[in-house]
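This report refers to the structure that appears directly beneath it.
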Amino acid sequence: MTAATDHVLTAPTGLRLDGMPGPRPRLSWRVGRAAAGFDARRIELTLDGGAPVTHVEDGTGQIGVPWPFEPLAARARGTIRVGVRSGGAWTPWSDPLPFENPPLGAADWAARFVSPRTLGGLLTAAPLLSRTIELPAAVTRARLHVTALGLHVTRINGERVTDEELAPGWTSYQNRLRFRTHDVTGLLRAGGNEITALLGNGWYRGRLYWRGERAFYGDRLALLAQLEIECADGSRHVVATDETWRAHSTGVLADDLYDGQTTDLREGRGPSEPVDVLDEPLDRLFPADTPPVRPVAVVPGGAPFRSPSGVLLVDFGENLVGWVRLRVRGRPGQEIVVRHAEVLEQGELGTRPLRSAKATDRYLLAGGATEVLEPSLTFHGFRYASLDGVEPGDIESVEAVVLSSDLPATGRFRCSDPDVQTLHDNVVRSMRGNFLDVPTDCPQRDERLGWTGDIQVFAPTAAFLADCSAFLASWLRDLAAEQFEDGCVPFVVPNIHHNILPAAAAWGDAATIVPWTLYERYGDPEVLREQYPSMRAWVERLDAFAGEDGLWTGRFQFGDWLDPAAPPDEPGAARTDKDLVATAHFVRSADLLARAAGVLGHRDDAERYRALAAKVRAAFAAAYVTPGGRLMNDTPTAYAMALLWDLLPTPGQREAAGARLADLVRANGFRVATGFVGTPLIADALTDAGHPHLAYRLLLERSCPSWLYPVTMGATTIWERWDSMLPDGRINPGQMTSFNHYALGAIADWLHRRVAGLAPAAPGYRELDVRPLPGYGLTWAEADLETRYGRAAVAWRVADGTLTLDVEVPPGTSATVHLPGSSPERVGAGTHRWRTAYSDTPRRPESIADALDDAGLWRRLTAIMASEGIAGDEAGAAALAARGLPLPLTELAAVVAPRATPERVGELQLLFDAAVAAHHG
């Protein structure tokens, strides 16, 4: 049995079934270059035991093609293949793609949920459920459909039925409970067989949220399993969970996602106890619609070493998510304790950011032979682990098992700057660690929730790095299921704030922005069709909040969360006005809803929401924009939103706003001055306003706050705060900080689209916009992406005064290529190369702003100011110079030293002039 995302065939034509398993999957395929201009398609369905049925239709679509046959029933299986007509001739058929449907509705189940009657209560040992069966002959086919209230680790005859971990994952359990179907033919045999399932608390009954609540969804663990078997003698057997199953105690004495797992390896299976059949509804069951959590890597630990206090520590070299696997020898009853942390502080485990999460695994050894110690009902976010109760000589090996939703990697970025490359690698690791069934904010402390604001800003980056179409589509289904009747969107999905009616800009806007991002990046309008009621309900809610004036004001907002100027314990105290942020997002969501309505053919809605967006846009301009293009709230985040979301009515205002944004960036010494809202936008806003060199200055800055500051501090993932660790090695004093948060890594989308120059110009990359930004401190950059149509790639290099640009365009697509100083050129599928003269030698500066824009020159000038006691660093010097940015550089001394005597000003200006001359040879 394969899940939807496994339905991929690579030769001769890539073919996949999206929305599978299900009654009406959609088809997507790739074509070769010779067939790229096809004008018709034929699709052949063959159900097991039936004759082929062929559907032929005109059309050029190949992404999300609707199912042309009757709906598939539960347990339907067969093959599908496609061909296309190009140049009047049909291509050969693709290789047949097998498919198989599981149960699709409550009527397809004979099983019922069963729960231990006397075992497995809260804060007790994890229970094991079992059932033995006798089979009359060899097994020719067997499928196990299984899920749980809680976690389950299921085995047949002692062998795990899957490498999936933390099954069935976390969904909106009261609305949607995922099950998976496994091919277990090879695990069964003629004669006696046993199926067992270890149950754990997981998200269902374990601790959730920093308030320490347990049993949020229910207080009884339960299993639902249905084993369907066909034997060589023609007999068929169904083994379903019912009152004949038995329960047992185990040596897993405690398990919790936040606190860890305690295992007594001396304890075996306890005596048989009865189970209860629960009256749990089956109509919330749905077949798995997203890839499972799996071990995706194993990272060896370094040699154990002692902390200053004598604690034995292991460094795994990178911040990761999963657990420690130890192979040790010891005596019976010996206790080994493994504690986890992301960083060291003064050489000791830095556990304060974990807050109340214990993140500790304990083992009591059976003794004697080598024992493998690893949990199965928890996970941790960590780079370091302490090992108590064991000596280095007793450790045979120590390694970290890395867990993540098993998403196929699709995109890659590389460049000439090692620190920028490390930044991008850190983004990839943070996504891997936090895309663990739910797109979480962080994987280590007493939180690990699907915050809507985090994934809203990161979705474009995620959609490039991996095929997360099914992953995020499933999460969006939970969002729609959890959405309140009045249209409000929860802060977190799945929602654990049931007593709150939230409506926060940038967070709730995930309802509109994430579906549009998936459509833009993958090209299948089904996500818009499915989410349209949710998108519409959210925008209608905003319209009701705003009232007649069109402004969304006076309500709770997170705002530009984690603005670096906010105090450690007030992360929402941003410089950008929260009502301005809210109204800007109202425009954004109304605009995206209008576009979605247009894609889906809802003409009346499209017109209505275009008009609504125009109304709110005008209200924003009237309330927050001056005739001269200045914003009443003079911050980089405000200008970035206004520039990118078309909130400035006239070209003159847009030009003035772009210039003001540039000056704010200069005045801040190219340190980041944005939080969650502004960070994904700032580099694009500068680039579109004609200041790409300043976007690069922001990118390449290494002092705090900046994207590269954590890199200089040894970060291997993206931090929650710009200064999660202070320059002196102390952890940020705020009670909320982590070292694995992907939100601020949203800059990677700009690296892909603008630095490398690989951007979608039409949904699904049917058309490419190749517009690289060569130079500005980089000598080369490249990106490649496995689109639905095939591999797209852009690579540029500057050497010896020549820019070389290589572009690969997939079959069935085209690209518009923008070379610096040249007119755009449209090209078709294939590989293309351009060479052109290029110089990035900075021109001699004329104004003070020009001097700041030249990183090397500004370092020289700052060094002079530092030696003369005027400014301590580049940021301080920039703040002084900001008073005279448009003035000639010959007035720099008068600007930065306004109280000095004329003689002193003259001396300083001579030093500055000499530095400029030396810098320019």
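By convention in this document, the chains of the structure tokens carry letters A, B, ... by their order, each chain's residues are numbered from 1, and ligands are numbered from 1 in the order they are shown.
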Open item on the list: DSSP on the backbone: which residues in stretch 424-552 of chain A end up as alpha helix (DSSP H)? Give the answer as a PyMOL selection string.
Closed with: chain A and resi 424-434+452-465+469-482+510-522+526-546
Open item on the list: I'd like the contact shell of stretch 595-609 of chain A - 10 Å cut-off, only C-alpha atoms, skipping same-chain residues fewer than 6 positions apart - returned as a PyMOL selection string.
Closed with: chain A and resi 512+515-516+519+525-529+531-532+535-536+539-540+587+589+615
TODO: Could you tell me how far atom CA of A:Val398 lies from atom CA of A:Arg331, in Å and to one decimal?
DONE: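 Rounded to one decimal, the two atoms are 18.5 Å apart.
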Residues near A:Ala473, anyone? I mean within 10 Å using only C-alpha atoms, not counting same-chain ones fewer than 3 positions away, as a short mmCIF file (atom, residue, chain, number, x, y, z; two decimals) with N, CA, C and O atoms, in the first residue's frame.
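The resulting file, result_20.cif, is shown below:
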```
data_model
loop_
_atom_site.label_atom_id
_atom_site.label_comp_id
_atom_site.auth_asym_id
_atom_site.auth_seq_id
_atom_site.Cartn_x
_atom_site.Cartn_y
_atom_site.Cartn_z
N GLY A 19 -4.31 13.49 -4.06
CA GLY A 19 -5.59 13.21 -3.44
C GLY A 19 -5.88 11.73 -3.37
O GLY A 19 -7.02 11.30 -3.30
N ASP A 289 -3.09 11.27 4.43
CA ASP A 289 -3.02 12.21 3.33
C ASP A 289 -1.72 13.00 3.33
O ASP A 289 -1.61 14.03 2.67
N THR A 290 -0.73 12.53 4.08
CA THR A 290 0.55 13.22 4.16
C THR A 290 1.63 12.20 4.48
O THR A 290 1.34 11.15 5.09
N CYS A 468 6.07 19.78 0.01
CA CYS A 468 5.21 19.81 1.20
C CYS A 468 3.77 20.08 0.82
O CYS A 468 2.97 20.54 1.64
N SER A 469 3.40 19.79 -0.43
CA SER A 469 2.04 20.06 -0.88
C SER A 469 1.02 19.25 -0.08
O SER A 469 0.02 19.80 0.41
N ALA A 470 1.24 17.95 0.06
CA ALA A 470 0.31 17.12 0.83
C ALA A 470 0.38 17.45 2.31
O ALA A 470 -0.64 17.48 3.01
N LEU A 476 -3.93 22.41 6.41
CA LEU A 476 -4.99 23.36 6.10
C LEU A 476 -6.38 22.76 6.33
O LEU A 476 -7.32 23.47 6.71
N ARG A 477 -6.52 21.47 6.09
CA ARG A 477 -7.81 20.83 6.40
C ARG A 477 -8.10 20.90 7.89
O ARG A 477 -9.24 21.09 8.32
N ASP A 478 -7.06 20.74 8.69
CA ASP A 478 -7.24 20.90 10.14
C ASP A 478 -7.58 22.35 10.48
O ASP A 478 -8.42 22.61 11.35
N LEU A 479 -6.93 23.29 9.79
CA LEU A 479 -7.24 24.70 10.04
C LEU A 479 -8.72 24.97 9.77
O LEU A 479 -9.41 25.61 10.58
N VAL A 514 -1.41 30.66 2.89
CA VAL A 514 -0.83 29.33 2.67
C VAL A 514 -1.49 28.62 1.48
O VAL A 514 -0.78 28.07 0.64
N PRO A 515 -2.83 28.61 1.35
CA PRO A 515 -3.40 27.99 0.15
C PRO A 515 -2.92 28.66 -1.14
O PRO A 515 -2.62 27.97 -2.12
N LEU A 518 0.57 27.48 -1.96
CA LEU A 518 0.62 26.13 -2.51
C LEU A 518 0.15 26.13 -3.97
O LEU A 518 0.73 25.42 -4.81
N GLU A 526 -6.79 22.67 -6.81
CA GLU A 526 -7.63 21.93 -5.88
C GLU A 526 -7.49 22.46 -4.46
O GLU A 526 -8.47 22.48 -3.70
N VAL A 527 -6.29 22.91 -4.09
CA VAL A 527 -6.11 23.42 -2.73
C VAL A 527 -6.93 24.69 -2.54
O VAL A 527 -7.48 24.92 -1.45
N LEU A 528 -7.08 25.51 -3.57
CA LEU A 528 -7.94 26.69 -3.47
C LEU A 528 -9.40 26.27 -3.39
O LEU A 528 -10.18 26.84 -2.60
N GLU A 530 -10.65 23.50 -2.25
CA GLU A 530 -10.94 22.87 -0.96
C GLU A 530 -10.95 23.89 0.16
O GLU A 530 -11.77 23.81 1.08
N GLN A 531 -10.05 24.85 0.12
CA GLN A 531 -9.92 25.81 1.22
C GLN A 531 -10.75 27.07 1.01
O GLN A 531 -10.80 27.92 1.90
#
```
Open item on the list: Neighbouring residues of A:Ala573 were defined as those with any atom within 12 Å, considering only C-alpha atoms; residues of the same chain fewer than 5 positions away were excluded. Please report them as number ranges by chain.
Closed with: A: 557-568, 578, 674-675
TODO: Counting only C-alpha atoms, figure out which residue out of A:Leu27, A:Val427, A:Val153, A:Leu320 gets nearest to A:Gly64.
DONE: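 Of all the options, A:Leu27 lies closest to A:Gly64.
The residue that comes closest to A:Ser847, out of A:Ala863, A:Ala51, A:Leu892, A:Leu778 and on the basis of only C-alpha atoms, is A:Leu892.
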Can you build me a table of stretch 111-156 of chain A residues sitting at most 8 Å from stretch 161-174 of chain A, with the closest atom pair per residue and its distance in Å to one decimal, using only C-alpha atoms, sorted by chain and residue number, as JSON lines?
```
{"residue": "A:Thr147", "atom": "CA", "partner": "A:Pro168", "partner_atom": "CA", "distance": 5.8}
{"residue": "A:Ala148", "atom": "CA", "partner": "A:Pro168", "partner_atom": "CA", "distance": 6.6}
{"residue": "A:Gly150", "atom": "CA", "partner": "A:Pro168", "partner_atom": "CA", "distance": 7.8}
{"residue": "A:Leu151", "atom": "CA", "partner": "A:Ala167", "partner_atom": "CA", "distance": 5.4}
{"residue": "A:His152", "atom": "CA", "partner": "A:Ala167", "partner_atom": "CA", "distance": 5.8}
{"residue": "A:Val153", "atom": "CA", "partner": "A:Ala167", "partner_atom": "CA", "distance": 7.3}
{"residue": "A:Thr154", "atom": "CA", "partner": "A:Val161", "partner_atom": "CA", "distance": 6.1}
{"residue": "A:Arg155", "atom": "CA", "partner": "A:Val161", "partner_atom": "CA", "distance": 5.4}
{"residue": "A:Ile156", "atom": "CA", "partner": "A:Val161", "partner_atom": "CA", "distance": 6.5}
```
TODO: For A:Pro96, please output as a PyMOL selection string all residues within 6 Å (counting only C-alpha atoms; exclusion window: fewer than 2 positions along the same chain).
DONE: chain A and resi 79-81
Export, as a short mmCIF file (atom, residue, chain, number, x, y, z; two decimals), in the first residue's frame, the selected residues with N, CA and C atoms.
```cif
data_model
loop_
_atom_site.label_atom_id
_atom_site.label_comp_id
_atom_site.auth_asym_id
_atom_site.auth_seq_id
_atom_site.Cartn_x
_atom_site.Cartn_y
_atom_site.Cartn_z
N THR A 79 -4.39 -0.06 -11.99
CA THR A 79 -3.29 0.75 -12.53
C THR A 79 -3.88 1.88 -13.35
N ILE A 80 -3.08 2.91 -13.52
CA ILE A 80 -3.42 4.04 -14.36
C ILE A 80 -2.21 4.35 -15.21
N ARG A 81 -2.46 4.77 -16.45
CA ARG A 81 -1.36 5.22 -17.29
C ARG A 81 -1.88 6.30 -18.23
#
```
TODO: Using atom CA of A:Gly333 and atom CA of A:Gly251 as the two end points, give the distance in Å to one decimal.
DONE: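 These atoms are spaced 12.5 Å apart.
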Quick one: pick out all strand (DSSP E) residues within stretch 601-813 of chain A from a backbone DSSP run and write them as a compact mmCIF listing (two decimals) with all heavy atoms, in the first residue's frame.
```txt
# COMPACT_ATOMS: atom_id res chain seq x y z
N LEU A 758 15.59 32.18 -9.48
CA LEU A 758 14.67 31.14 -9.93
C LEU A 758 13.31 31.36 -9.26
O LEU A 758 13.12 31.02 -8.10
CB LEU A 758 15.22 29.75 -9.59
CG LEU A 758 14.36 28.54 -9.96
CD1 LEU A 758 13.97 28.56 -11.42
CD2 LEU A 758 15.09 27.25 -9.61
N ALA A 759 12.37 31.94 -10.02
CA ALA A 759 11.07 32.30 -9.44
C ALA A 759 9.95 31.84 -10.34
O ALA A 759 10.11 31.76 -11.56
CB ALA A 759 10.99 33.82 -9.24
N PRO A 760 8.78 31.54 -9.76
CA PRO A 760 7.62 31.19 -10.59
C PRO A 760 6.99 32.44 -11.19
O PRO A 760 6.75 33.42 -10.49
CB PRO A 760 6.67 30.51 -9.61
CG PRO A 760 7.00 31.15 -8.28
CD PRO A 760 8.47 31.47 -8.33
N GLU A 767 5.67 28.88 -16.05
CA GLU A 767 6.55 29.89 -16.61
C GLU A 767 7.53 30.30 -15.51
O GLU A 767 7.14 30.44 -14.35
CB GLU A 767 5.77 31.10 -17.10
CG GLU A 767 4.79 30.80 -18.23
CD GLU A 767 3.99 32.02 -18.63
OE1 GLU A 767 4.41 33.14 -18.29
OE2 GLU A 767 2.94 31.84 -19.27
N LEU A 768 8.79 30.49 -15.88
CA LEU A 768 9.83 30.88 -14.93
C LEU A 768 10.18 32.35 -15.12
O LEU A 768 10.19 32.86 -16.25
CB LEU A 768 11.09 30.05 -15.14
CG LEU A 768 10.97 28.53 -15.16
CD1 LEU A 768 12.34 27.90 -15.34
CD2 LEU A 768 10.31 28.02 -13.89
N ASP A 769 10.45 33.01 -14.03
CA ASP A 769 10.99 34.37 -14.06
C ASP A 769 12.43 34.28 -13.59
O ASP A 769 12.69 34.06 -12.40
CB ASP A 769 10.18 35.29 -13.15
CG ASP A 769 10.68 36.72 -13.19
OD1 ASP A 769 11.00 37.21 -14.29
OD2 ASP A 769 10.78 37.35 -12.13
N VAL A 770 13.36 34.39 -14.51
CA VAL A 770 14.78 34.28 -14.20
C VAL A 770 15.35 35.70 -14.15
O VAL A 770 15.51 36.36 -15.18
CB VAL A 770 15.52 33.43 -15.25
CG1 VAL A 770 17.01 33.37 -14.93
CG2 VAL A 770 14.92 32.03 -15.30
N TRP A 780 29.24 33.94 -7.13
CA TRP A 780 28.39 32.98 -7.84
C TRP A 780 27.25 32.52 -6.93
O TRP A 780 27.36 32.58 -5.70
CB TRP A 780 29.18 31.77 -8.34
CG TRP A 780 29.84 30.93 -7.27
CD1 TRP A 780 31.09 31.08 -6.77
CD2 TRP A 780 29.26 29.81 -6.58
NE1 TRP A 780 31.35 30.13 -5.80
CE2 TRP A 780 30.24 29.34 -5.67
CE3 TRP A 780 28.03 29.16 -6.65
CZ2 TRP A 780 30.02 28.25 -4.84
CZ3 TRP A 780 27.80 28.08 -5.80
CH2 TRP A 780 28.79 27.62 -4.92
N ALA A 781 26.19 32.10 -7.57
CA ALA A 781 25.05 31.51 -6.85
C ALA A 781 24.29 30.63 -7.82
O ALA A 781 24.31 30.85 -9.04
CB ALA A 781 24.13 32.59 -6.29
N GLU A 782 23.62 29.63 -7.28
CA GLU A 782 22.84 28.74 -8.12
C GLU A 782 21.71 28.13 -7.31
O GLU A 782 21.80 27.97 -6.09
CB GLU A 782 23.71 27.63 -8.72
CG GLU A 782 24.38 26.74 -7.71
CD GLU A 782 25.33 25.74 -8.36
OE1 GLU A 782 25.97 26.11 -9.37
OE2 GLU A 782 25.44 24.61 -7.85
N ALA A 783 20.63 27.81 -8.01
CA ALA A 783 19.48 27.14 -7.39
C ALA A 783 18.89 26.19 -8.41
O ALA A 783 18.90 26.46 -9.62
CB ALA A 783 18.43 28.14 -6.95
N ASP A 784 18.41 25.06 -7.94
CA ASP A 784 17.69 24.14 -8.82
C ASP A 784 16.49 23.59 -8.06
O ASP A 784 16.50 23.51 -6.82
CB ASP A 784 18.58 23.02 -9.34
CG ASP A 784 19.21 22.21 -8.24
OD1 ASP A 784 18.53 21.31 -7.71
OD2 ASP A 784 20.39 22.45 -7.91
N LEU A 785 15.47 23.23 -8.81
CA LEU A 785 14.19 22.85 -8.22
C LEU A 785 13.53 21.79 -9.08
O LEU A 785 13.45 21.92 -10.31
CB LEU A 785 13.27 24.07 -8.13
CG LEU A 785 11.84 23.82 -7.66
CD1 LEU A 785 11.83 23.40 -6.20
CD2 LEU A 785 10.99 25.08 -7.86
N GLU A 786 13.05 20.72 -8.43
CA GLU A 786 12.23 19.72 -9.11
C GLU A 786 10.79 20.22 -9.11
O GLU A 786 10.07 20.05 -8.13
CB GLU A 786 12.35 18.37 -8.42
CG GLU A 786 13.65 17.64 -8.69
CD GLU A 786 13.83 17.27 -10.15
OE1 GLU A 786 12.81 16.99 -10.82
OE2 GLU A 786 14.98 17.28 -10.62
N THR A 787 10.39 20.86 -10.20
CA THR A 787 9.01 21.33 -10.32
C THR A 787 8.13 20.16 -10.75
O THR A 787 8.61 19.07 -11.08
CB THR A 787 8.90 22.47 -11.33
OG1 THR A 787 9.00 21.93 -12.66
CG2 THR A 787 10.00 23.50 -11.13
N GLY A 790 9.38 19.15 -14.14
CA GLY A 790 10.74 18.68 -14.30
C GLY A 790 11.72 19.62 -13.63
O GLY A 790 11.34 20.57 -12.93
N ARG A 791 12.98 19.39 -13.88
CA ARG A 791 14.03 20.16 -13.20
C ARG A 791 14.21 21.53 -13.83
O ARG A 791 14.37 21.67 -15.04
CB ARG A 791 15.37 19.40 -13.26
CG ARG A 791 16.51 20.08 -12.51
CD ARG A 791 17.77 19.23 -12.59
NE ARG A 791 18.84 19.77 -11.77
CZ ARG A 791 19.76 20.62 -12.22
NH1 ARG A 791 19.73 21.03 -13.48
NH2 ARG A 791 20.71 21.07 -11.41
N ALA A 792 14.17 22.56 -12.97
CA ALA A 792 14.49 23.92 -13.37
C ALA A 792 15.73 24.34 -12.61
O ALA A 792 15.90 24.00 -11.43
CB ALA A 792 13.33 24.87 -13.05
N ALA A 793 16.60 25.09 -13.25
CA ALA A 793 17.85 25.47 -12.60
C ALA A 793 18.36 26.80 -13.15
O ALA A 793 18.17 27.10 -14.34
CB ALA A 793 18.91 24.39 -12.80
N VAL A 794 18.97 27.56 -12.27
CA VAL A 794 19.63 28.81 -12.64
C VAL A 794 20.97 28.84 -11.93
O VAL A 794 21.05 28.53 -10.73
CB VAL A 794 18.79 30.05 -12.24
CG1 VAL A 794 19.56 31.33 -12.57
CG2 VAL A 794 17.45 30.04 -12.93
N ALA A 795 22.02 29.20 -12.65
CA ALA A 795 23.34 29.34 -12.05
C ALA A 795 24.04 30.53 -12.70
O ALA A 795 24.05 30.64 -13.94
CB ALA A 795 24.17 28.07 -12.25
N TRP A 796 24.59 31.42 -11.90
CA TRP A 796 25.36 32.54 -12.44
C TRP A 796 26.72 32.62 -11.76
O TRP A 796 26.89 32.20 -10.62
CB TRP A 796 24.61 33.87 -12.33
CG TRP A 796 24.24 34.32 -10.94
CD1 TRP A 796 23.03 34.19 -10.33
CD2 TRP A 796 25.09 35.01 -10.00
NE1 TRP A 796 23.06 34.74 -9.07
CE2 TRP A 796 24.32 35.26 -8.85
CE3 TRP A 796 26.42 35.43 -10.02
CZ2 TRP A 796 24.83 35.92 -7.72
CZ3 TRP A 796 26.95 36.09 -8.89
CH2 TRP A 796 26.15 36.32 -7.76
N ARG A 797 27.67 33.19 -12.49
CA ARG A 797 29.03 33.33 -11.99
C ARG A 797 29.64 34.59 -12.59
O ARG A 797 29.47 34.87 -13.79
CB ARG A 797 29.87 32.10 -12.35
CG ARG A 797 31.29 32.12 -11.81
CD ARG A 797 32.02 30.83 -12.15
NE ARG A 797 31.35 29.67 -11.56
CZ ARG A 797 31.61 29.21 -10.33
NH1 ARG A 797 32.53 29.80 -9.59
NH2 ARG A 797 30.97 28.16 -9.88
N VAL A 798 30.32 35.35 -11.75
CA VAL A 798 31.04 36.54 -12.21
C VAL A 798 32.54 36.28 -12.06
O VAL A 798 33.01 35.95 -10.97
CB VAL A 798 30.64 37.78 -11.39
CG1 VAL A 798 31.50 38.98 -11.79
CG2 VAL A 798 29.17 38.10 -11.59
N ALA A 799 33.26 36.39 -13.17
CA ALA A 799 34.72 36.18 -13.15
C ALA A 799 35.34 36.94 -14.30
O ALA A 799 34.83 36.91 -15.43
CB ALA A 799 35.05 34.68 -13.26
N THR A 802 33.21 39.09 -16.58
CA THR A 802 32.18 38.45 -17.38
C THR A 802 31.16 37.78 -16.47
O THR A 802 31.52 37.09 -15.51
CB THR A 802 32.79 37.41 -18.32
OG1 THR A 802 33.70 38.05 -19.21
CG2 THR A 802 31.71 36.71 -19.14
N LEU A 803 29.90 38.00 -16.79
CA LEU A 803 28.81 37.29 -16.12
C LEU A 803 28.39 36.14 -17.01
O LEU A 803 28.05 36.33 -18.18
CB LEU A 803 27.62 38.23 -15.89
CG LEU A 803 26.31 37.56 -15.47
CD1 LEU A 803 26.43 36.90 -14.10
CD2 LEU A 803 25.16 38.57 -15.49
N THR A 804 28.41 34.93 -16.45
CA THR A 804 27.93 33.74 -17.15
C THR A 804 26.66 33.27 -16.46
O THR A 804 26.65 33.07 -15.24
CB THR A 804 28.98 32.62 -17.14
OG1 THR A 804 30.18 33.10 -17.75
CG2 THR A 804 28.49 31.41 -17.91
N LEU A 805 25.61 33.11 -17.25
CA LEU A 805 24.32 32.67 -16.71
C LEU A 805 23.89 31.40 -17.43
O LEU A 805 23.81 31.37 -18.66
CB LEU A 805 23.26 33.76 -16.91
CG LEU A 805 21.83 33.40 -16.50
CD1 LEU A 805 21.74 33.19 -15.00
CD2 LEU A 805 20.86 34.50 -16.95
N ASP A 806 23.61 30.35 -16.67
CA ASP A 806 23.11 29.09 -17.20
C ASP A 806 21.70 28.86 -16.67
O ASP A 806 21.45 28.98 -15.46
CB ASP A 806 24.00 27.92 -16.79
CG ASP A 806 25.36 27.99 -17.46
OD1 ASP A 806 25.41 27.90 -18.69
OD2 ASP A 806 26.37 28.15 -16.74
N VAL A 807 20.79 28.49 -17.57
CA VAL A 807 19.39 28.29 -17.21
C VAL A 807 18.91 26.98 -17.82
O VAL A 807 19.16 26.70 -19.00
CB VAL A 807 18.52 29.46 -17.72
CG1 VAL A 807 17.04 29.20 -17.40
CG2 VAL A 807 18.97 30.78 -17.12
N GLU A 808 18.24 26.18 -17.00
CA GLU A 808 17.60 24.97 -17.47
C GLU A 808 16.09 25.12 -17.31
O GLU A 808 15.61 25.40 -16.20
CB GLU A 808 18.10 23.75 -16.69
CG GLU A 808 17.49 22.43 -17.15
CD GLU A 808 18.04 21.23 -16.39
OE1 GLU A 808 19.04 21.40 -15.66
OE2 GLU A 808 17.46 20.14 -16.53
N VAL A 809 15.36 24.93 -18.40
CA VAL A 809 13.91 25.10 -18.42
C VAL A 809 13.27 23.74 -18.67
O VAL A 809 13.61 23.07 -19.65
CB VAL A 809 13.51 26.10 -19.52
CG1 VAL A 809 12.00 26.33 -19.50
CG2 VAL A 809 14.25 27.42 -19.35
```
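In terms of minimum interatomic distance to A:Thr813, A:Gly37 ranks closest within A:Pro274, A:Pro127, A:Gly37, A:Pro21, counting only C-alpha atoms.
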